[in-house]
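Text of start.tsv, listed as TSV, C-alpha atoms:
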chain	number	residue	atom	x	y	z
A	24	MET	CA	51.40	76.59	126.06
A	25	LYS	CA	54.68	78.40	125.54
A	26	LEU	CA	55.03	76.77	122.14
A	27	LEU	CA	51.69	78.24	121.08
A	28	GLU	CA	52.55	81.76	122.15
A	29	LYS	CA	53.38	84.21	119.41
A	30	PRO	CA	56.94	85.51	119.43
A	31	LYS	CA	57.27	88.97	120.86
A	32	PHE	CA	58.99	91.52	118.69
A	33	ASN	CA	60.55	94.70	119.84
A	34	THR	CA	58.25	97.10	118.02
A	35	ALA	CA	60.27	100.13	119.05
A	36	ARG	CA	63.43	98.67	117.57
A	37	SER	CA	61.66	97.65	114.37
A	38	ARG	CA	60.17	101.12	114.02
A	39	ALA	CA	63.58	102.67	114.54
A	40	GLY	CA	65.05	100.36	111.90
A	41	THR	CA	62.29	101.25	109.45
A	42	LYS	CA	62.81	104.93	110.12
A	43	ARG	CA	66.54	104.63	109.49
A	44	ALA	CA	65.90	102.73	106.27
A	45	LEU	CA	63.48	105.39	105.03
A	46	LEU	CA	65.89	108.16	105.96
A	47	GLY	CA	68.66	106.32	104.13
A	48	CYS	CA	66.57	105.99	100.97
A	49	ALA	CA	65.54	109.65	101.13
A	50	GLY	CA	69.16	110.67	101.73
A	51	HIS	CA	70.37	108.73	98.68
A	52	LEU	CA	67.59	110.18	96.54
A	53	LEU	CA	68.46	113.72	97.62
A	54	GLY	CA	72.20	113.05	97.42
A	55	GLY	CA	71.99	111.82	93.84
A	56	PHE	CA	69.91	114.82	92.86
A	57	VAL	CA	72.23	117.35	94.53
A	58	LEU	CA	75.44	115.77	93.22
A	59	SER	CA	74.10	115.79	89.67
A	60	ALA	CA	73.78	119.57	89.91
A	61	GLY	CA	77.44	120.05	90.79
A	62	ALA	CA	80.22	120.33	88.23
A	63	VAL	CA	83.97	120.70	88.54
A	64	ALA	CA	86.23	122.75	86.29
A	65	GLY	CA	85.69	121.71	82.68
A	66	GLY	CA	81.98	121.00	83.13
A	67	CYS	CA	82.53	117.47	84.48
A	68	SER	CA	79.84	116.08	86.78
A	69	PRO	CA	80.76	112.48	87.68
A	70	PHE	CA	79.93	112.29	91.37
A	71	ALA	CA	76.25	111.37	91.13
A	72	VAL	CA	77.21	108.39	88.93
A	73	ALA	CA	79.78	107.38	91.56
A	74	LEU	CA	77.10	107.51	94.27
A	75	VAL	CA	74.86	105.16	92.28
A	76	ALA	CA	77.73	102.69	91.82
A	77	VAL	CA	78.57	102.48	95.53
A	78	SER	CA	75.04	102.50	96.97
A	79	GLY	CA	73.79	99.48	98.88
A	80	ARG	CA	71.10	97.03	97.91
A	81	ARG	CA	68.14	99.02	99.14
A	82	ASP	CA	69.51	102.42	98.16
A	83	PHE	CA	70.91	102.25	94.62
A	84	LEU	CA	67.49	102.57	93.00
A	85	PHE	CA	66.86	105.80	94.90
A	86	SER	CA	70.34	107.12	94.10
A	87	ALA	CA	69.78	106.37	90.41
A	88	LEU	CA	66.36	108.03	90.45
A	89	GLY	CA	67.73	111.20	92.06
A	90	ALA	CA	70.80	111.29	89.80
A	91	GLY	CA	68.84	110.65	86.61
A	92	LEU	CA	66.26	113.29	87.49
A	93	GLY	CA	68.99	115.79	88.35
A	94	TYR	CA	70.95	115.21	85.14
A	95	MET	CA	67.79	115.61	83.07
A	96	ILE	CA	67.01	118.92	84.82
A	97	PHE	CA	70.50	120.45	85.10
A	98	GLY	CA	72.10	118.90	82.01
A	99	ALA	CA	72.01	120.27	78.49
A	100	GLY	CA	71.78	118.59	75.09
A	101	THR	CA	73.95	115.56	74.46
A	102	VAL	CA	75.68	115.96	77.84
A	103	ARG	CA	72.36	115.26	79.52
A	104	VAL	CA	71.92	112.04	77.55
A	105	ARG	CA	75.53	111.02	78.21
A	106	TYR	CA	75.23	111.28	82.01
A	107	PHE	CA	71.81	109.63	82.01
A	108	ALA	CA	73.34	106.68	80.15
A	109	ALA	CA	76.18	106.59	82.70
A	110	VAL	CA	73.60	106.41	85.50
A	111	LEU	CA	71.92	103.46	83.75
A	112	ILE	CA	75.26	101.63	83.41
A	113	ALA	CA	76.03	102.25	87.08
A	114	LEU	CA	72.53	101.09	88.05
A	115	VAL	CA	72.86	97.82	86.11
A	116	GLY	CA	76.30	97.23	87.62
A	117	ALA	CA	75.09	97.96	91.15
A	118	LEU	CA	72.15	95.60	90.59
A	119	ALA	CA	74.50	92.83	89.42
A	120	MET	CA	76.81	93.30	92.40
A	121	ALA	CA	73.86	93.26	94.79
A	122	ALA	CA	72.55	90.02	93.21
A	123	PHE	CA	75.79	88.04	92.93
A	124	LEU	CA	78.17	89.46	95.53
A	125	PRO	CA	77.20	89.02	99.20
A	126	ARG	CA	79.98	91.33	100.34
A	127	ARG	CA	81.70	94.10	98.42
A	128	ASP	CA	84.86	96.09	98.78
A	129	ALA	CA	85.65	99.47	97.27
A	130	ARG	CA	87.43	98.21	94.16
A	131	LEU	CA	84.45	97.02	92.13
A	132	PRO	CA	82.30	100.15	92.71
A	133	MET	CA	85.30	102.32	91.85
A	134	ALA	CA	85.87	100.36	88.64
A	135	LEU	CA	82.16	100.61	87.81
A	136	SER	CA	82.22	104.38	88.31
A	137	CYS	CA	85.27	104.75	86.05
A	138	LEU	CA	83.73	102.51	83.39
A	139	ALA	CA	80.34	104.24	83.36
A	140	VAL	CA	81.81	107.75	83.12
A	141	GLY	CA	84.71	106.87	80.83
A	142	LEU	CA	82.73	104.76	78.37
A	143	THR	CA	79.92	107.27	77.89
A	144	GLY	CA	82.42	110.12	77.62
A	145	ALA	CA	84.47	108.31	74.98
A	146	VAL	CA	81.35	107.52	72.93
A	147	LEU	CA	80.28	111.18	73.11
A	148	GLN	CA	83.71	112.39	71.96
A	149	LEU	CA	83.69	109.88	69.09
A	150	ARG	CA	80.39	111.30	67.95
A	151	LEU	CA	81.51	114.92	68.32
A	152	GLY	CA	84.95	114.30	66.82
A	153	GLY	CA	86.85	115.46	69.89
A	154	GLY	CA	90.60	115.89	69.98
A	155	ALA	CA	93.30	114.58	72.28
A	156	ALA	CA	92.55	117.22	74.93
A	157	ASP	CA	88.89	116.13	75.04
A	158	TYR	CA	89.82	112.49	75.55
A	159	ALA	CA	92.30	113.50	78.25
A	160	LEU	CA	89.46	115.34	80.00
A	161	VAL	CA	87.32	112.20	79.80
A	162	LEU	CA	90.16	110.18	81.31
A	163	GLY	CA	90.56	112.67	84.12
A	164	GLU	CA	86.81	112.67	84.76
A	165	SER	CA	86.70	108.88	84.96
A	166	ILE	CA	89.57	108.91	87.48
A	167	LEU	CA	87.71	111.56	89.46
A	168	ALA	CA	84.61	109.35	89.41
A	169	GLY	CA	86.63	106.45	90.78
A	170	GLY	CA	88.06	108.64	93.54
A	171	GLY	CA	84.61	109.94	94.41
A	172	GLY	CA	83.34	106.38	94.49
A	173	TYR	CA	86.05	105.46	97.01
A	174	PHE	CA	85.15	108.32	99.33
A	175	PHE	CA	81.42	107.58	99.07
A	176	PHE	CA	81.98	103.86	99.67
A	177	ARG	CA	84.05	104.46	102.80
A	178	ALA	CA	81.55	107.04	104.07
A	179	GLU	CA	78.60	104.73	103.40
A	180	HIS	CA	80.16	101.77	105.21
A	181	CYS	CA	81.33	103.67	108.28
A	182	ASN	CA	79.98	102.52	111.61
A	183	TYR	CA	78.44	105.84	112.60
A	184	ARG	CA	77.48	104.56	116.03
A	185	ARG	CA	81.18	104.30	116.85
A	186	LEU	CA	82.33	107.26	114.80
A	187	ARG	CA	83.27	109.58	117.64
A	188	CYS	CA	85.16	112.77	116.86
A	189	LYS	CA	87.90	112.13	119.41
A	190	ALA	CA	88.25	108.43	118.59
A	191	ALA	CA	87.38	108.32	114.89
A	192	PRO	CA	89.86	106.63	112.54
A	193	THR	CA	91.48	109.32	110.42
A	194	GLY	CA	90.74	107.54	107.14
A	195	ASP	CA	87.03	107.16	107.84
A	196	LEU	CA	86.76	110.71	109.13
A	197	VAL	CA	88.42	112.17	106.03
A	198	CYS	CA	86.19	110.15	103.69
A	199	VAL	CA	83.07	111.35	105.51
A	200	LEU	CA	84.29	114.95	105.40
A	201	ILE	CA	85.14	114.83	101.68
A	202	SER	CA	81.78	113.22	100.88
A	203	GLY	CA	79.99	116.02	102.70
A	204	SER	CA	82.25	118.59	101.04
A	205	LEU	CA	81.27	117.32	97.59
A	206	LEU	CA	77.63	117.85	98.49
A	207	LEU	CA	78.43	121.43	99.52
A	208	MET	CA	80.31	121.88	96.26
A	209	SER	CA	77.15	121.02	94.34
A	210	LEU	CA	75.12	123.44	96.46
A	211	SER	CA	77.67	126.22	95.88
A	212	ARG	CA	76.18	126.78	92.42
A	213	LEU	CA	73.26	128.47	94.16
A	214	THR	CA	74.27	132.11	94.65
A	215	ILE	CA	72.59	135.34	95.70
A	216	PHE	CA	74.26	138.31	93.97
A	217	GLY	CA	77.36	136.16	93.66
A	218	ILE	CA	77.38	135.11	97.35
A	219	ALA	CA	77.02	131.36	97.89
A	220	PRO	CA	75.26	130.29	101.13
A	221	ALA	CA	77.04	126.93	100.83
A	222	ARG	CA	80.44	128.63	101.13
A	223	ILE	CA	79.20	130.63	104.14
A	224	ALA	CA	78.13	127.34	105.74
A	225	ALA	CA	81.51	125.81	104.90
A	226	VAL	CA	83.45	128.63	106.57
A	227	LEU	CA	81.14	128.57	109.59
A	228	LEU	CA	81.69	124.82	109.99
A	229	ILE	CA	85.46	125.35	109.85
A	230	LEU	CA	85.34	128.11	112.47
A	231	ILE	CA	83.07	126.12	114.80
A	232	THR	CA	85.38	123.12	114.53
A	233	LEU	CA	88.45	125.22	115.24
A	234	ARG	CA	86.83	127.07	118.13
A	235	PHE	CA	85.04	124.23	119.91
A	236	GLY	CA	86.77	121.14	118.54
A	237	SER	CA	90.46	120.80	117.77
A	238	SER	CA	92.93	122.43	115.42
A	239	ARG	CA	93.70	119.04	113.81
A	240	LEU	CA	90.09	118.40	112.93
A	241	GLY	CA	89.51	122.01	111.89
A	242	VAL	CA	92.47	122.08	109.50
A	243	THR	CA	91.45	118.68	108.11
A	244	LEU	CA	87.93	119.96	107.50
A	245	ALA	CA	89.29	123.13	105.88
A	246	LEU	CA	91.47	121.12	103.51
A	247	CYS	CA	88.55	118.86	102.54
A	248	LEU	CA	86.19	121.78	101.95
A	249	GLY	CA	88.84	123.75	100.09
A	250	PHE	CA	89.50	120.75	97.86
A	251	ALA	CA	85.82	120.28	97.00
A	252	LEU	CA	84.79	123.93	96.67
A	253	GLY	CA	87.98	124.77	94.78
A	254	LEU	CA	87.15	122.18	92.14
A	255	ALA	CA	83.83	123.88	91.41
A	256	GLY	CA	85.44	126.14	88.81
A	257	GLN	CA	88.67	127.59	87.54
A	258	ASP	CA	88.03	130.89	89.34
A	259	THR	CA	87.64	129.17	92.72
A	260	MET	CA	90.86	127.15	92.53
A	261	PHE	CA	92.50	129.50	95.03
A	262	LEU	CA	90.21	128.07	97.73
A	263	LEU	CA	92.28	124.87	97.61
A	264	GLY	CA	94.95	126.58	99.66
A	265	ALA	CA	93.08	129.57	101.08
A	266	TYR	CA	90.83	127.61	103.44
A	267	GLY	CA	93.63	125.38	104.71
A	268	PHE	CA	96.12	128.18	105.44
A	269	SER	CA	93.42	130.43	106.92
A	270	ALA	CA	92.33	127.62	109.23
A	271	LEU	CA	95.93	127.05	110.31
A	272	LEU	CA	96.31	130.75	111.06
A	273	ALA	CA	92.98	130.84	112.95
A	274	ALA	CA	94.11	127.88	115.08
A	275	LEU	CA	97.11	129.93	116.25
A	276	PHE	CA	94.79	132.70	117.50
A	277	ASP	CA	92.31	130.34	119.16
A	278	ARG	CA	93.60	131.47	122.57
A	279	PHE	CA	91.81	134.78	121.98
A	280	ALA	CA	88.43	132.99	121.88
A	281	SER	CA	85.94	133.40	119.05
A	282	LEU	CA	87.04	136.93	118.15
A	283	GLY	CA	90.64	135.93	117.57
A	284	CYS	CA	89.72	132.76	115.67
A	285	ALA	CA	87.19	134.46	113.40
A	286	GLY	CA	89.29	137.61	112.94
A	287	ALA	CA	92.42	135.70	111.87
A	288	PHE	CA	90.46	133.57	109.42
A	289	VAL	CA	88.64	136.53	107.86
A	290	LEU	CA	91.81	138.61	107.51
A	291	SER	CA	93.63	135.68	105.91
A	292	MET	CA	90.77	135.12	103.48
A	293	GLY	CA	90.85	138.82	102.69
A	294	PHE	CA	94.50	138.51	101.71
A	295	PHE	CA	93.79	135.51	99.46
A	296	SER	CA	90.79	137.26	97.91
A	297	VAL	CA	92.88	140.31	97.01
A	298	ALA	CA	95.76	138.15	95.75
A	299	ALA	CA	93.39	136.12	93.54
A	300	ASN	CA	92.30	139.38	91.83
A	301	LEU	CA	89.01	137.97	90.56
A	302	GLY	CA	86.93	141.12	90.86
A	303	HIS	CA	83.39	140.47	92.04
A	304	LEU	CA	84.19	136.87	93.08
A	305	SER	CA	87.02	138.08	95.34
A	306	VAL	CA	84.66	140.52	97.05
A	307	CYS	CA	82.00	137.81	97.46
A	308	THR	CA	84.52	135.37	98.93
A	309	PHE	CA	85.63	137.92	101.52
A	310	VAL	CA	82.00	138.80	102.35
A	311	GLU	CA	81.18	135.10	102.81
A	312	SER	CA	84.04	134.68	105.27
A	313	ALA	CA	83.06	137.86	107.13
A	314	VAL	CA	79.43	136.74	107.44
A	315	ALA	CA	80.53	133.37	108.80
A	316	GLY	CA	82.83	135.10	111.29
A	317	VAL	CA	79.99	137.33	112.52
A	318	LEU	CA	77.73	134.29	112.90
A	319	LEU	CA	80.39	132.62	115.04
A	320	LEU	CA	80.56	135.68	117.29
A	321	LEU	CA	76.76	135.72	117.61
A	322	LEU	CA	76.59	132.01	118.48
A	323	PRO	CA	74.83	131.63	121.88
A	324	ALA	CA	76.88	130.25	124.76
A	325	ALA	CA	74.51	127.30	125.15
A	326	TRP	CA	75.11	126.28	121.53
A	327	GLY	CA	78.85	126.59	122.09
A	328	ASP	CA	78.60	124.17	125.01
A	329	ARG	CA	76.71	121.72	122.82
A	330	CYS	CA	79.35	121.99	120.10
A	331	THR	CA	82.09	121.34	122.67
A	332	ALA	CA	80.23	118.29	123.97
A	333	PHE	CA	79.80	117.00	120.42
A	334	PHE	CA	83.50	117.28	119.60
A	335	GLU	CA	84.52	115.81	122.96
A	336	ASN	CA	82.33	112.75	122.34
A	337	GLY	CA	84.57	109.69	122.44
A	338	ALA	CA	87.46	111.41	124.25
A	339	ASP	CA	87.68	108.49	126.69
A	340	ILE	CA	87.96	105.94	123.86
A	341	ALA	CA	91.36	105.11	122.45
A	342	PRO	CA	91.63	105.83	118.71
A	343	GLU	CA	91.69	102.86	116.37
A	344	GLY	CA	95.15	101.32	116.31
A	345	SER	CA	96.26	102.69	119.70
A	346	LEU	CA	95.38	99.49	121.59
A	347	ARG	CA	97.08	97.32	118.97
A	348	GLN	CA	100.20	99.49	119.04
A	349	SER	CA	100.24	99.40	122.85
A	350	LEU	CA	100.00	95.60	122.86
A	351	VAL	CA	102.82	95.35	120.34

What is this file in structure tokens?
Amino acid sequence: MKLLEKPKFNTARSRAGTKRALLGCAGHLLGGFVLSAGAVAGGCSPFAVALVAVSGRRDFLFSALGAGLGYMIFGAGTVRVRYFAAVLIALVGALAMAAFLPRRDARLPMALSCLAVGLTGAVLQLRLGGGAADYALVLGESILAGGGGYFFFRAEHCNYRRLRCKAAPTGDLVCVLISGSLLLMSLSRLTIFGIAPARIAAVLLILITLRFGSSRLGVTLALCLGFALGLAGQDTMFLLGAYGFSALLAALFDRFASLGCAGAFVLSMGFFSVAANLGHLSVCTFVESAVAGVLLLLLPAAWGDRCTAFFENGADIAPEGSLRQSLV
């Protein structure tokens, strides 16, 4: 009789797996669309192509759909066609890797990202008759695509169930932070009278991490966000150092609670904004930091306790490598 019984499946687990798969597909679709809207200094937009190249078997079609749709909407003229062709090359390469390679490392997706961006850029410059500076820009963009592919690959293959803030491997944590920072960089193009909500969110995340997490994680996050948001344009390059130094200064005044942390960060950003001397952008940058500081001060105590619990998650787990070093 037992042989005739139907096997029992854990329906709750299967539903959870299906839900995670659907969320993953939706996330890749949205990620490709958002990354295609972002551009670094020089008008380069390689990160959506990199996401397509590193996506897994069930996700690369959705990444390609989001990226292709975004490039067709946000692109212009021949640039639009160029990036759409790069997405197609990355899609074909991802399909081939999914069909013939059971396991992948970061090298092939990185090479595919560089090839897709570099090849289409070189063909476009040949058609337009570009000079040496244009080809150098294409080379730099292809290298940037490969670097973005590495960060996305590491972030995609992290074990998020074991990624605890207090016990997370530094390399995985940095790759996750930079991947999220690149998404914020794309969203920073959306402004209201010059003020970018994405930059307000970035500063607020830095302040929350410094206040309720740790200075190490807060400075790391500030460096990652400053790197990504600073690449958004030539005028925002000063954010590369402004966020990192301001976070370091805010960490020194953390003993004075939220007021000291937020005040030090805002005053430091005010100095960098004045030193940058970018007119309206300097004013907007200072206002963004001030708004984020006020939001930190208005954060309810219950939310602060939740943030502390989140950052303390994994405090009783030894970081990766500690056990091996102890045994040695």

Taking all atoms listed in the file into account, name the residue in A:Leu272, A:Val161, A:Ala224, A:Leu252 that is nearest to A:Ile201.
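Of the candidates, the smallest distance to A:Ile201 is held by A:Leu252.
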
Cut-off 8 Å around (79.7, 136.1, 100.4) with only C-alpha atoms: residues as a list in words:
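Applying the cut-off with only C-alpha atoms, one gets Gly217, Ile218, Ala219, Pro220, Arg222, Ile223, Val306, Cys307, Thr308, Phe309, Val310, Glu311, Ser312, Ala313 and Val314 of chain A.
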
Which polymer residues have any atom within 8 Å of an atom of A:Phe175, counting all atoms listed in the file, with same-chain residues fewer than 2 positions away left out, as a ChimeraX atom specification?
/A:73-74,77,171-173,177-179,198-199,202

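Take atom CA of A:Leu244 and atom CA of A:Ile215: the distance between them is 24.7 Å.
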
For the atom pair atom CA of A:Phe97 and atom CA of A:Ala60, what is the interatomic distance in Å to one decimal place?
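It comes out at 5.9 Å.
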
Please determine, counting only C-alpha atoms, which residue among A:Thr259, A:Asn300, A:Ser78, A:Ser291 has the shortest atom-to-atom distance to A:His180.
A:Ser78
